[in-house]
Amino acid sequence: MKKPRHKHSKVKTKAKQGRVLVVTSGKGGVGKTTSTAALGAALAQNGQKVVVVDFDIGLRNLDLVMGAERRVVFDLINVIKGEAKLAQALIRDKRLATLALLPASQSRDKDSLTEEGVAHVIGELRAQFDWVICDSPAGIETGATLAMRHADVAVVVVNPEVSSIRDADRIIGMLDAKTAKAESGQRIDKHLLLTRYDPVRARRGEVMTVDTVLEILSIPLLGIIPESGEVLLSSNVGAPVTLGSPDSAPAQAYLEAARRLKGEGTVIVDSSDKPRLFQRLFTRRAA
């Protein structure tokens, strides 16, 4: 006599979905693309499966920073338009087995991006990677809104300058209004990444202090990337700074920021400032 089947035997466990992170800014030139590459590499170095996606259609740069410009055959637009499969467009990093790049197109314009196409690609990437990191173009146009559309987490990159902070404030408003999570009544996790920071210039009043930036933007601080030529030097040789100059201060700052994204609480100690100040800043939360 056959034993009766139990209903639960047919239930399939839902596969774990990766998190979508958008790296965004209101102003160009703040270090958004280099931060995307560095955070992506840092997470991969921490054992995560990561893909970085370039949404800056027509002005492709992420492939240069990743050292993959000569390996681009197909791109994001080719996948969206059905001209290539996702597997054909993904470029696997030669240095880190768990890191990949989906490049942007240099020959198309931003109108080639469609909401339906982006949703499909992001859905496929979620199923394959722990982190899908979208490098958003600066500003508030179509490319930027679609890059943030499906984000679970946002990293807002700013320099300690008035124009950068003002534009970032507008981006934060967009994250709270134009993302899928916001429209469904949920709140997107937002983090502040302060780049090119020089505490000596801040003390002289030449640039904004960390405290001032936090008071204006009122989102949690993910990391402070010190002003350093190492970031540019690494980018020029096609390597995220965490790989190109792993012992440098910016590389260590990005690695610590990546650990925070994973939920591992760490405190930055900057040799130019008192440790207590940074301990207070990194325990601060949005009002």
# chains A, B, ... in the order shown; residues from 1 in each chain; ligands from 1

$ residues_around --residues "Ser25 (chain A)" --least-positions-apart "2" --cutoff "12 Å" --atoms "only C-alpha atoms" --output "number ranges by chain"
A: 22-23, 27-33, 35-36, 135-141, 144-145, 147-148, 154-159, 163-175, 191-195

$ write_last_selection --atoms "C-alpha atoms" --output "JSON list (two decimals), in the first residue's frame"
[["chain", "number", "residue", "atom", "x", "y", "z"],
["A", 22, "VAL", "CA", 22.15, 52.53, -6.25],
["A", 23, "VAL", "CA", 25.18, 54.80, -6.01],
["A", 27, "LYS", "CA", 26.30, 66.74, -8.95],
["A", 28, "GLY", "CA", 28.78, 65.17, -11.35],
["A", 29, "GLY", "CA", 32.46, 64.72, -10.54],
["A", 30, "VAL", "CA", 32.03, 63.74, -6.89],
["A", 31, "GLY", "CA", 33.57, 60.26, -7.23],
["A", 32, "LYS", "CA", 30.42, 58.27, -7.86],
["A", 33, "THR", "CA", 31.83, 55.86, -10.46],
["A", 35, "SER", "CA", 32.98, 54.66, -5.44],
["A", 36, "THR", "CA", 30.78, 52.16, -7.30],
["A", 135, "ASP", "CA", 26.11, 53.34, -11.01],
["A", 136, "SER", "CA", 23.65, 56.16, -11.64],
["A", 137, "PRO", "CA", 24.35, 59.12, -13.90],
["A", 138, "ALA", "CA", 24.41, 62.43, -12.05],
["A", 139, "GLY", "CA", 21.28, 64.56, -12.03],
["A", 140, "ILE", "CA", 17.56, 63.84, -12.17],
["A", 141, "GLU", "CA", 16.95, 62.67, -15.75],
["A", 144, "ALA", "CA", 19.08, 58.45, -12.87],
["A", 145, "THR", "CA", 15.44, 57.69, -12.06],
["A", 147, "ALA", "CA", 18.94, 53.46, -11.90],
["A", 148, "MET", "CA", 17.30, 54.09, -8.52],
["A", 154, "ALA", "CA", 21.04, 54.00, -1.77],
["A", 155, "VAL", "CA", 24.50, 55.43, -1.27],
["A", 156, "VAL", "CA", 24.45, 59.20, -1.82],
["A", 157, "VAL", "CA", 27.94, 60.42, -2.74],
["A", 158, "VAL", "CA", 28.88, 63.99, -1.87],
["A", 159, "ASN", "CA", 31.91, 66.25, -1.63],
["A", 163, "SER", "CA", 26.72, 72.79, -4.57],
["A", 164, "SER", "CA", 27.25, 69.06, -4.02],
["A", 165, "ILE", "CA", 25.26, 69.07, -0.77],
["A", 166, "ARG", "CA", 22.38, 71.09, -2.25],
["A", 167, "ASP", "CA", 22.03, 68.74, -5.23],
["A", 168, "ALA", "CA", 22.28, 65.67, -2.98],
["A", 169, "ASP", "CA", 19.36, 66.97, -0.92],
["A", 170, "ARG", "CA", 17.20, 66.89, -4.05],
["A", 171, "ILE", "CA", 18.33, 63.34, -4.85],
["A", 172, "ILE", "CA", 17.32, 62.23, -1.35],
["A", 173, "GLY", "CA", 13.86, 63.64, -2.03],
["A", 174, "MET", "CA", 13.67, 61.63, -5.26],
["A", 175, "LEU", "CA", 14.68, 58.43, -3.45],
["A", 191, "HIS", "CA", 23.50, 56.21, 3.41],
["A", 192, "LEU", "CA", 25.89, 59.11, 2.99],
["A", 193, "LEU", "CA", 29.37, 58.64, 1.53],
["A", 194, "LEU", "CA", 31.55, 61.72, 1.93],
["A", 195, "THR", "CA", 34.40, 61.71, -0.60]]

$ closest_residue --among "A:Ala239, A:Ile77, A:Val118, A:Ala180" --to "Val65 (chain A)" --atoms "only C-alpha atoms"
A:Ala239

$ select_by_dssp --residues "region 116-262 of chain A" --states "helix (DSSP H, G or I)" --output "PyMOL selection string"
chain A and resi 116-128+142-149+162-175+180-183+199-204+210-217+229-236+241-244+249-261

$ residues_around --residues "region 42-59 of chain A" --least-positions-apart "3" --cutoff "8 Å" --atoms "only C-alpha atoms" --output "MDAnalysis selection string"
chainID A and resid 36:39 62 76 96 98:110 125 129:137 143:144 147 242 254:255 258:259

$ write_last_selection --atoms "N, CA and C atoms" --output "mmCIF file, in the first residue's frame"
data_model
loop_
_atom_site.group_PDB
_atom_site.id
_atom_site.type_symbol
_atom_site.label_atom_id
_atom_site.label_comp_id
_atom_site.auth_asym_id
_atom_site.auth_seq_id
_atom_site.Cartn_x
_atom_site.Cartn_y
_atom_site.Cartn_z
ATOM 1 N N THR A 36 31.491 53.374 -6.878
ATOM 2 C CA THR A 36 30.779 52.163 -7.298
ATOM 3 C C THR A 36 31.756 51.010 -7.463
ATOM 4 N N ALA A 37 32.855 51.270 -8.179
ATOM 5 C CA ALA A 37 33.862 50.236 -8.416
ATOM 6 C C ALA A 37 34.503 49.779 -7.112
ATOM 7 N N ALA A 38 34.834 50.733 -6.245
ATOM 8 C CA ALA A 38 35.514 50.401 -4.989
ATOM 9 C C ALA A 38 34.607 49.625 -4.040
ATOM 10 N N LEU A 39 33.340 50.045 -3.916
ATOM 11 C CA LEU A 39 32.402 49.333 -3.046
ATOM 12 C C LEU A 39 32.110 47.936 -3.595
ATOM 13 N N LEU A 62 32.475 53.263 -16.256
ATOM 14 C CA LEU A 62 32.709 52.243 -15.230
ATOM 15 C C LEU A 62 33.629 51.134 -15.747
ATOM 16 N N LEU A 76 24.302 46.830 -21.578
ATOM 17 C CA LEU A 76 22.983 46.868 -20.953
ATOM 18 C C LEU A 76 21.867 47.069 -21.972
ATOM 19 N N LEU A 96 38.895 39.048 -9.263
ATOM 20 C CA LEU A 96 37.967 38.561 -8.236
ATOM 21 C C LEU A 96 36.885 37.709 -8.905
ATOM 22 N N THR A 98 34.164 36.596 -7.850
ATOM 23 C CA THR A 98 32.772 36.891 -7.492
ATOM 24 C C THR A 98 32.330 38.290 -7.912
ATOM 25 N N LEU A 99 33.104 38.948 -8.792
ATOM 26 C CA LEU A 99 32.788 40.305 -9.234
ATOM 27 C C LEU A 99 32.553 40.325 -10.746
ATOM 28 N N ALA A 100 31.485 41.029 -11.171
ATOM 29 C CA ALA A 100 31.169 41.128 -12.594
ATOM 30 C C ALA A 100 30.724 42.547 -12.929
ATOM 31 N N LEU A 101 30.771 42.869 -14.213
ATOM 32 C CA LEU A 101 30.378 44.187 -14.720
ATOM 33 C C LEU A 101 29.367 44.029 -15.839
ATOM 34 N N LEU A 102 28.298 44.848 -15.810
ATOM 35 C CA LEU A 102 27.385 44.989 -16.940
ATOM 36 C C LEU A 102 27.567 46.416 -17.452
ATOM 37 N N PRO A 103 28.276 46.586 -18.583
ATOM 38 C CA PRO A 103 28.622 47.934 -19.047
ATOM 39 C C PRO A 103 27.456 48.670 -19.687
ATOM 40 N N ALA A 104 27.616 49.979 -19.808
ATOM 41 C CA ALA A 104 26.647 50.822 -20.513
ATOM 42 C C ALA A 104 27.025 50.874 -21.990
ATOM 43 N N SER A 105 26.106 51.418 -22.780
ATOM 44 C CA SER A 105 26.369 51.598 -24.206
ATOM 45 C C SER A 105 26.960 52.986 -24.434
ATOM 46 N N GLN A 106 27.920 53.063 -25.341
ATOM 47 C CA GLN A 106 28.491 54.352 -25.714
ATOM 48 C C GLN A 106 27.792 54.952 -26.926
ATOM 49 N N SER A 107 27.108 54.116 -27.701
ATOM 50 C CA SER A 107 26.551 54.567 -28.974
ATOM 51 C C SER A 107 25.049 54.871 -28.928
ATOM 52 N N ARG A 108 24.368 54.509 -27.836
ATOM 53 C CA ARG A 108 22.927 54.778 -27.727
ATOM 54 C C ARG A 108 22.710 55.992 -26.834
ATOM 55 N N ASP A 109 21.436 56.447 -26.758
ATOM 56 C CA ASP A 109 21.123 57.530 -25.833
ATOM 57 C C ASP A 109 20.251 56.999 -24.698
ATOM 58 N N LYS A 110 19.982 57.863 -23.724
ATOM 59 C CA LYS A 110 19.258 57.433 -22.523
ATOM 60 C C LYS A 110 17.827 56.988 -22.821
ATOM 61 N N LEU A 125 19.392 39.775 -12.493
ATOM 62 C CA LEU A 125 20.624 39.962 -11.721
ATOM 63 C C LEU A 125 20.417 39.646 -10.244
ATOM 64 N N PHE A 129 23.126 37.302 -8.062
ATOM 65 C CA PHE A 129 24.138 37.975 -7.254
ATOM 66 C C PHE A 129 23.597 38.378 -5.881
ATOM 67 N N ASP A 130 24.514 38.510 -4.909
ATOM 68 C CA ASP A 130 24.141 39.010 -3.581
ATOM 69 C C ASP A 130 23.886 40.513 -3.626
ATOM 70 N N TRP A 131 24.665 41.209 -4.457
ATOM 71 C CA TRP A 131 24.552 42.666 -4.582
ATOM 72 C C TRP A 131 24.526 43.067 -6.047
ATOM 73 N N VAL A 132 23.551 43.901 -6.404
ATOM 74 C CA VAL A 132 23.464 44.505 -7.728
ATOM 75 C C VAL A 132 23.681 46.005 -7.515
ATOM 76 N N ILE A 133 24.851 46.508 -7.899
ATOM 77 C CA ILE A 133 25.205 47.902 -7.621
ATOM 78 C C ILE A 133 25.061 48.730 -8.887
ATOM 79 N N CYS A 134 24.117 49.660 -8.879
ATOM 80 C CA CYS A 134 23.802 50.477 -10.048
ATOM 81 C C CYS A 134 24.523 51.820 -9.969
ATOM 82 N N ASP A 135 25.390 52.068 -10.935
ATOM 83 C CA ASP A 135 26.110 53.338 -11.009
ATOM 84 C C ASP A 135 25.237 54.324 -11.778
ATOM 85 N N SER A 136 24.606 55.225 -11.047
ATOM 86 C CA SER A 136 23.655 56.158 -11.639
ATOM 87 C C SER A 136 24.362 57.344 -12.276
ATOM 88 N N PRO A 137 23.843 57.841 -13.398
ATOM 89 C CA PRO A 137 24.354 59.117 -13.902
ATOM 90 C C PRO A 137 23.965 60.231 -12.940
ATOM 91 N N GLY A 143 17.884 58.363 -16.920
ATOM 92 C CA GLY A 143 18.883 57.385 -16.503
ATOM 93 C C GLY A 143 18.996 57.282 -14.998
ATOM 94 N N ALA A 144 18.964 58.428 -14.329
ATOM 95 C CA ALA A 144 19.082 58.449 -12.866
ATOM 96 C C ALA A 144 17.852 57.854 -12.193
ATOM 97 N N ALA A 147 17.883 54.105 -12.686
ATOM 98 C CA ALA A 147 18.943 53.464 -11.900
ATOM 99 C C ALA A 147 18.513 53.259 -10.449
ATOM 100 N N THR A 242 40.557 49.618 -3.945
ATOM 101 C CA THR A 242 40.736 48.521 -2.980
ATOM 102 C C THR A 242 41.598 47.399 -3.551
ATOM 103 N N TYR A 254 36.888 52.429 2.077
ATOM 104 C CA TYR A 254 35.879 51.728 1.271
ATOM 105 C C TYR A 254 35.617 50.321 1.811
ATOM 106 N N LEU A 255 36.650 49.645 2.249
ATOM 107 C CA LEU A 255 36.476 48.301 2.809
ATOM 108 C C LEU A 255 35.612 48.343 4.064
ATOM 109 N N ALA A 258 32.018 48.964 3.068
ATOM 110 C CA ALA A 258 31.414 47.729 2.566
ATOM 111 C C ALA A 258 30.974 46.830 3.719
ATOM 112 N N ARG A 259 31.780 46.785 4.763
ATOM 113 C CA ARG A 259 31.393 45.975 5.930
ATOM 114 C C ARG A 259 30.142 46.540 6.592
#

$ atom_distance --atom1 "CA of Gly223 (chain A)" --atom2 "CA of Tyr197 (chain A)"
10.5 Å

$ select_by_dssp --residues "region 51-281 of chain A" --states "strand (DSSP E or B)" --output "ChimeraX atom specification"
/A:51-54,91-92,99-102,131-135,153-158,189-197,221-226

$ residues_around --residues "Lys181 (chain A)" --least-positions-apart "5" --cutoff "8 Å" --atoms "only C-alpha atoms" --output "PyMOL selection string"
chain A and resi 150-152+186-188

$ atom_distance --atom1 "CA of Glu227 (chain A)" --atom2 "CA of Gly67 (chain A)"
22.3 Å
